[in-house]
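The structure under discussion appears below in the form of structure tokens.
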Amino acid sequence: MRVASRLSSCVAVVATATLLTSCGTSAYCTTVEEQRGALDDVAMTTASLTALGEALRAIEKQAPTHVQDDYAAVAESVEALLAAESVAGVPVEELTHGDVVDLSEGDTTELRNAYQAFNDTATQRRAIADDVTDDCDITLKTPGA
């Protein structure tokens, strides 16, 4: 009788786990929830962009295949922006708050291209936000991803 009781308990646990997974507690949704602070942070600072890039990479590993490329594209654009910032030696927050910064023409071009590449991921950022809403029932503050 104990074997049957244990088997019933195991079946109940498996059934519950399956139900929970189908109700938005998948590894993907759990990771999105864990990284939500970075996804919702709209500050354009080095720290917030670093956190965003790391969050996107963490979620990308768990994301459904239909949005993995979107996560990768946005993460790559964030990483490129941070790399351009590092080469120029100017924190993003100084560039986005209207401070006058003396940059070489090459650094200016690199930063402009990096910002444009990030802006060009608007479609991917919207796809991510829509997928998170549909699959995880989580509404992000911004499609910034």
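Chain labels follow the order of the structure tokens: the first chain is A, the next B, and so on; residue numbering restarts at 1 in every chain, and ligands are counted from 1 in their shown order.
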All residues 12 Å or closer to range 66-76 of chain A, only C-alpha atoms, same chain fewer than 6 positions away omitted, as a short mmCIF file (atom, residue, chain, number, x, y, z; two decimals) with all heavy atoms, in the first residue's frame:
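Okay, this is what ended up in out-v1.cif:
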data_model
loop_
_atom_site.label_atom_id
_atom_site.label_comp_id
_atom_site.auth_asym_id
_atom_site.auth_seq_id
_atom_site.Cartn_x
_atom_site.Cartn_y
_atom_site.Cartn_z
N TYR A 28 11.78 29.99 -18.47
CA TYR A 28 11.80 31.26 -19.19
C TYR A 28 11.11 32.36 -18.37
O TYR A 28 11.69 33.42 -18.11
CB TYR A 28 11.12 31.08 -20.55
CG TYR A 28 10.84 32.33 -21.34
CD1 TYR A 28 11.85 33.23 -21.66
CD2 TYR A 28 9.56 32.58 -21.83
CE1 TYR A 28 11.59 34.36 -22.43
CE2 TYR A 28 9.30 33.70 -22.60
CZ TYR A 28 10.30 34.60 -22.89
OH TYR A 28 10.04 35.71 -23.66
N VAL A 32 12.66 35.67 -16.58
CA VAL A 32 12.16 37.01 -16.89
C VAL A 32 11.80 37.73 -15.59
O VAL A 32 12.18 38.89 -15.39
CB VAL A 32 10.94 36.96 -17.83
CG1 VAL A 32 10.25 38.33 -17.92
CG2 VAL A 32 11.35 36.49 -19.22
N LEU A 39 15.14 44.79 -16.92
CA LEU A 39 14.34 44.99 -18.13
C LEU A 39 13.49 46.26 -18.04
O LEU A 39 13.27 46.93 -19.04
CB LEU A 39 13.41 43.79 -18.37
CG LEU A 39 14.09 42.46 -18.65
CD1 LEU A 39 13.05 41.36 -18.72
CD2 LEU A 39 14.90 42.52 -19.93
N LEU A 49 22.61 49.74 -18.46
CA LEU A 49 22.83 49.02 -19.72
C LEU A 49 23.60 47.73 -19.50
O LEU A 49 23.32 46.72 -20.16
CB LEU A 49 23.55 49.92 -20.72
CG LEU A 49 22.70 51.03 -21.32
CD1 LEU A 49 23.56 51.97 -22.15
CD2 LEU A 49 21.57 50.46 -22.15
N THR A 50 24.56 47.74 -18.57
CA THR A 50 25.29 46.51 -18.25
C THR A 50 24.32 45.47 -17.70
O THR A 50 24.33 44.31 -18.12
CB THR A 50 26.42 46.81 -17.25
OG1 THR A 50 27.33 47.73 -17.85
CG2 THR A 50 27.16 45.54 -16.87
N ALA A 51 23.47 45.90 -16.77
CA ALA A 51 22.48 44.99 -16.19
C ALA A 51 21.51 44.48 -17.25
O ALA A 51 21.13 43.30 -17.27
CB ALA A 51 21.73 45.68 -15.05
N LEU A 52 21.10 45.36 -18.16
CA LEU A 52 20.19 44.96 -19.23
C LEU A 52 20.83 43.91 -20.13
O LEU A 52 20.21 42.90 -20.45
CB LEU A 52 19.76 46.18 -20.06
CG LEU A 52 18.89 45.89 -21.28
CD1 LEU A 52 17.58 45.21 -20.88
CD2 LEU A 52 18.62 47.18 -22.06
N GLY A 53 22.08 44.15 -20.53
CA GLY A 53 22.77 43.17 -21.38
C GLY A 53 22.88 41.82 -20.71
O GLY A 53 22.64 40.77 -21.34
N GLU A 54 23.23 41.82 -19.42
CA GLU A 54 23.34 40.55 -18.68
C GLU A 54 21.98 39.88 -18.56
O GLU A 54 21.87 38.65 -18.70
CB GLU A 54 23.95 40.82 -17.30
CG GLU A 54 25.41 41.24 -17.37
CD GLU A 54 25.97 41.75 -16.05
OE1 GLU A 54 25.21 41.87 -15.06
OE2 GLU A 54 27.18 42.04 -16.02
N ALA A 55 20.94 40.66 -18.30
CA ALA A 55 19.59 40.10 -18.18
C ALA A 55 19.14 39.47 -19.50
O ALA A 55 18.60 38.36 -19.52
CB ALA A 55 18.61 41.19 -17.76
N LEU A 56 19.38 40.18 -20.59
CA LEU A 56 18.99 39.65 -21.91
C LEU A 56 19.69 38.34 -22.21
O LEU A 56 19.08 37.40 -22.74
CB LEU A 56 19.28 40.68 -22.99
CG LEU A 56 18.40 41.93 -22.96
CD1 LEU A 56 19.00 43.02 -23.85
CD2 LEU A 56 16.97 41.62 -23.35
N ARG A 57 20.97 38.25 -21.89
CA ARG A 57 21.72 37.01 -22.14
C ARG A 57 21.21 35.87 -21.27
O ARG A 57 21.10 34.73 -21.73
CB ARG A 57 23.22 37.23 -21.92
CG ARG A 57 23.88 38.09 -22.97
CD ARG A 57 23.79 37.46 -24.34
NE ARG A 57 24.58 38.23 -25.31
CZ ARG A 57 24.53 38.05 -26.60
NH1 ARG A 57 23.73 37.14 -27.12
NH2 ARG A 57 25.27 38.78 -27.41
N ALA A 58 20.87 36.18 -20.01
CA ALA A 58 20.34 35.14 -19.12
C ALA A 58 18.99 34.63 -19.63
O ALA A 58 18.74 33.42 -19.65
CB ALA A 58 20.21 35.68 -17.69
N ILE A 59 18.14 35.54 -20.05
CA ILE A 59 16.82 35.15 -20.54
C ILE A 59 16.92 34.43 -21.88
O ILE A 59 16.20 33.47 -22.12
CB ILE A 59 15.89 36.38 -20.65
CG1 ILE A 59 15.69 37.01 -19.27
CG2 ILE A 59 14.55 35.99 -21.26
CD1 ILE A 59 15.07 38.40 -19.30
N GLU A 60 17.83 34.89 -22.72
CA GLU A 60 18.01 34.27 -24.04
C GLU A 60 18.23 32.76 -23.92
O GLU A 60 17.71 31.98 -24.73
CB GLU A 60 19.21 34.92 -24.74
CG GLU A 60 19.55 34.30 -26.07
CD GLU A 60 20.88 34.80 -26.62
OE1 GLU A 60 21.58 35.61 -25.98
OE2 GLU A 60 21.23 34.34 -27.73
N LEU A 82 27.96 49.58 -25.11
CA LEU A 82 28.87 49.62 -23.97
C LEU A 82 30.34 49.58 -24.42
O LEU A 82 31.18 50.25 -23.85
CB LEU A 82 28.57 48.47 -23.01
CG LEU A 82 27.27 48.61 -22.22
CD1 LEU A 82 26.91 47.30 -21.54
CD2 LEU A 82 27.38 49.75 -21.21
N ALA A 83 30.62 48.81 -25.47
CA ALA A 83 31.99 48.73 -25.98
C ALA A 83 32.41 50.08 -26.58
O ALA A 83 33.53 50.54 -26.35
CB ALA A 83 32.10 47.62 -27.03
N ALA A 114 26.62 52.83 -32.74
CA ALA A 114 26.14 51.94 -31.68
C ALA A 114 24.74 52.34 -31.21
O ALA A 114 23.88 51.47 -31.00
CB ALA A 114 27.13 51.95 -30.51
N TYR A 115 24.51 53.63 -31.04
CA TYR A 115 23.17 54.09 -30.68
C TYR A 115 22.16 53.75 -31.76
O TYR A 115 21.04 53.31 -31.48
CB TYR A 115 23.16 55.61 -30.42
CG TYR A 115 23.49 55.98 -29.01
CD1 TYR A 115 24.74 56.46 -28.67
CD2 TYR A 115 22.54 55.85 -28.00
CE1 TYR A 115 25.05 56.80 -27.37
CE2 TYR A 115 22.83 56.19 -26.69
CZ TYR A 115 24.09 56.67 -26.38
OH TYR A 115 24.39 57.00 -25.09
N GLN A 116 22.55 53.93 -33.00
CA GLN A 116 21.64 53.62 -34.11
C GLN A 116 21.33 52.13 -34.15
O GLN A 116 20.18 51.73 -34.36
CB GLN A 116 22.22 54.07 -35.46
CG GLN A 116 21.25 53.92 -36.61
CD GLN A 116 19.98 54.74 -36.40
OE1 GLN A 116 20.04 55.93 -36.13
NE2 GLN A 116 18.82 54.10 -36.52
N ALA A 117 22.34 51.30 -33.91
CA ALA A 117 22.13 49.85 -33.90
C ALA A 117 21.15 49.46 -32.79
O ALA A 117 20.28 48.61 -32.98
CB ALA A 117 23.46 49.11 -33.73
N PHE A 118 21.28 50.11 -31.63
CA PHE A 118 20.33 49.85 -30.55
C PHE A 118 18.93 50.30 -30.95
O PHE A 118 17.95 49.57 -30.79
CB PHE A 118 20.76 50.53 -29.25
CG PHE A 118 19.77 50.32 -28.14
CD1 PHE A 118 19.71 49.12 -27.46
CD2 PHE A 118 18.87 51.32 -27.79
CE1 PHE A 118 18.78 48.91 -26.43
CE2 PHE A 118 17.94 51.13 -26.78
CZ PHE A 118 17.90 49.92 -26.10
N ASN A 119 18.82 51.51 -31.49
CA ASN A 119 17.51 52.02 -31.92
C ASN A 119 16.89 51.14 -33.00
O ASN A 119 15.67 51.00 -33.06
CB ASN A 119 17.64 53.46 -32.43
CG ASN A 119 17.94 54.43 -31.31
OD1 ASN A 119 17.65 54.17 -30.14
ND2 ASN A 119 18.53 55.56 -31.65
N ASP A 120 17.73 50.53 -33.82
CA ASP A 120 17.24 49.66 -34.89
C ASP A 120 16.67 48.33 -34.37
O ASP A 120 16.11 47.56 -35.16
CB ASP A 120 18.35 49.38 -35.90
CG ASP A 120 18.69 50.60 -36.75
OD1 ASP A 120 17.92 51.58 -36.76
OD2 ASP A 120 19.76 50.57 -37.41
N THR A 121 16.82 48.06 -33.08
CA THR A 121 16.26 46.83 -32.51
C THR A 121 14.85 47.05 -31.94
O THR A 121 14.35 46.21 -31.19
CB THR A 121 17.17 46.24 -31.40
OG1 THR A 121 17.24 47.16 -30.30
CG2 THR A 121 18.55 45.91 -31.93
N ALA A 122 14.21 48.13 -32.31
CA ALA A 122 12.87 48.41 -31.78
C ALA A 122 11.89 47.26 -32.06
O ALA A 122 11.09 46.90 -31.19
CB ALA A 122 12.33 49.72 -32.36
N THR A 123 11.96 46.68 -33.23
CA THR A 123 11.07 45.57 -33.57
C THR A 123 11.34 44.36 -32.68
O THR A 123 10.41 43.72 -32.18
CB THR A 123 11.25 45.18 -35.06
OG1 THR A 123 10.93 46.31 -35.86
CG2 THR A 123 10.35 44.01 -35.44
N GLN A 124 12.61 44.06 -32.44
CA GLN A 124 12.97 42.94 -31.58
C GLN A 124 12.57 43.21 -30.13
O GLN A 124 12.10 42.31 -29.44
CB GLN A 124 14.48 42.65 -31.65
CG GLN A 124 14.92 42.06 -32.97
CD GLN A 124 15.29 43.12 -34.00
OE1 GLN A 124 15.04 44.30 -33.84
NE2 GLN A 124 15.90 42.68 -35.10
N ARG A 125 12.76 44.46 -29.69
CA ARG A 125 12.37 44.79 -28.31
C ARG A 125 10.87 44.67 -28.13
O ARG A 125 10.38 44.19 -27.11
CB ARG A 125 12.87 46.19 -27.95
CG ARG A 125 14.39 46.20 -27.77
CD ARG A 125 14.94 47.56 -27.38
NE ARG A 125 15.07 48.39 -28.57
CZ ARG A 125 14.67 49.65 -28.67
NH1 ARG A 125 14.13 50.26 -27.65
NH2 ARG A 125 14.83 50.32 -29.80
N ARG A 126 10.10 45.06 -29.13
CA ARG A 126 8.64 44.92 -29.06
C ARG A 126 8.25 43.45 -29.07
O ARG A 126 7.37 43.03 -28.34
CB ARG A 126 7.99 45.67 -30.24
CG ARG A 126 6.49 45.45 -30.41
CD ARG A 126 5.60 45.68 -29.21
NE ARG A 126 5.74 46.98 -28.61
CZ ARG A 126 5.40 47.24 -27.35
NH1 ARG A 126 4.89 46.31 -26.57
NH2 ARG A 126 5.55 48.44 -26.86
N ALA A 127 8.93 42.63 -29.89
CA ALA A 127 8.64 41.19 -29.94
C ALA A 127 8.90 40.55 -28.58
O ALA A 127 8.13 39.70 -28.13
CB ALA A 127 9.48 40.51 -31.02
N ILE A 128 9.99 40.96 -27.93
CA ILE A 128 10.30 40.43 -26.60
C ILE A 128 9.22 40.82 -25.61
O ILE A 128 8.70 39.97 -24.87
CB ILE A 128 11.68 40.93 -26.13
CG1 ILE A 128 12.79 40.27 -26.95
CG2 ILE A 128 11.87 40.69 -24.63
CD1 ILE A 128 14.16 40.89 -26.76
N ALA A 129 8.85 42.09 -25.59
CA ALA A 129 7.83 42.56 -24.64
C ALA A 129 6.50 41.84 -24.89
O ALA A 129 5.83 41.42 -23.94
CB ALA A 129 7.66 44.07 -24.75
N ASP A 130 6.13 41.68 -26.15
CA ASP A 130 4.88 40.99 -26.47
C ASP A 130 4.93 39.53 -26.05
O ASP A 130 3.96 38.99 -25.51
CB ASP A 130 4.58 41.08 -27.97
CG ASP A 130 4.18 42.48 -28.41
OD1 ASP A 130 3.89 43.34 -27.54
OD2 ASP A 130 4.18 42.72 -29.64
N ASP A 131 6.08 38.88 -26.28
CA ASP A 131 6.21 37.48 -25.91
C ASP A 131 6.14 37.29 -24.40
O ASP A 131 5.50 36.36 -23.92
CB ASP A 131 7.52 36.90 -26.46
CG ASP A 131 7.57 35.41 -26.30
OD1 ASP A 131 6.82 34.71 -27.02
OD2 ASP A 131 8.33 34.92 -25.44
N VAL A 132 6.79 38.18 -23.67
CA VAL A 132 6.76 38.10 -22.21
C VAL A 132 5.33 38.28 -21.71
O VAL A 132 4.90 37.58 -20.79
CB VAL A 132 7.73 39.14 -21.60
CG1 VAL A 132 7.49 39.33 -20.11
CG2 VAL A 132 9.17 38.73 -21.86
N ASP A 135 3.41 34.89 -23.03
CA ASP A 135 3.84 33.63 -22.44
C ASP A 135 3.91 33.64 -20.92
O ASP A 135 3.71 32.61 -20.29
CB ASP A 135 5.23 33.22 -22.97
CG ASP A 135 5.18 32.73 -24.40
OD1 ASP A 135 4.07 32.68 -24.98
OD2 ASP A 135 6.24 32.39 -24.94
N PRO A 143 9.16 48.62 -23.81
CA PRO A 143 9.64 47.62 -24.75
C PRO A 143 11.15 47.65 -24.88
O PRO A 143 11.71 47.09 -25.77
CB PRO A 143 8.95 47.99 -26.06
CG PRO A 143 8.66 49.44 -25.94
CD PRO A 143 8.44 49.70 -24.47
N GLY A 144 11.86 48.27 -23.95
CA GLY A 144 13.30 48.35 -23.98
C GLY A 144 13.90 47.05 -23.62
O GLY A 144 15.07 46.89 -23.57
N ALA A 145 13.11 46.29 -23.40
CA ALA A 145 13.39 44.96 -23.23
C ALA A 145 13.57 44.56 -22.67
O ALA A 145 12.65 44.71 -23.04
CB ALA A 145 13.24 43.80 -23.60
#
Alpha helix (DSSP H) residues, from DSSP on the backbone, in range 5-142 of chain A, as a ChimeraX atom specification: /A:5-22,27-34,36-40,46-62,65-88,92-96,105-119,122-136
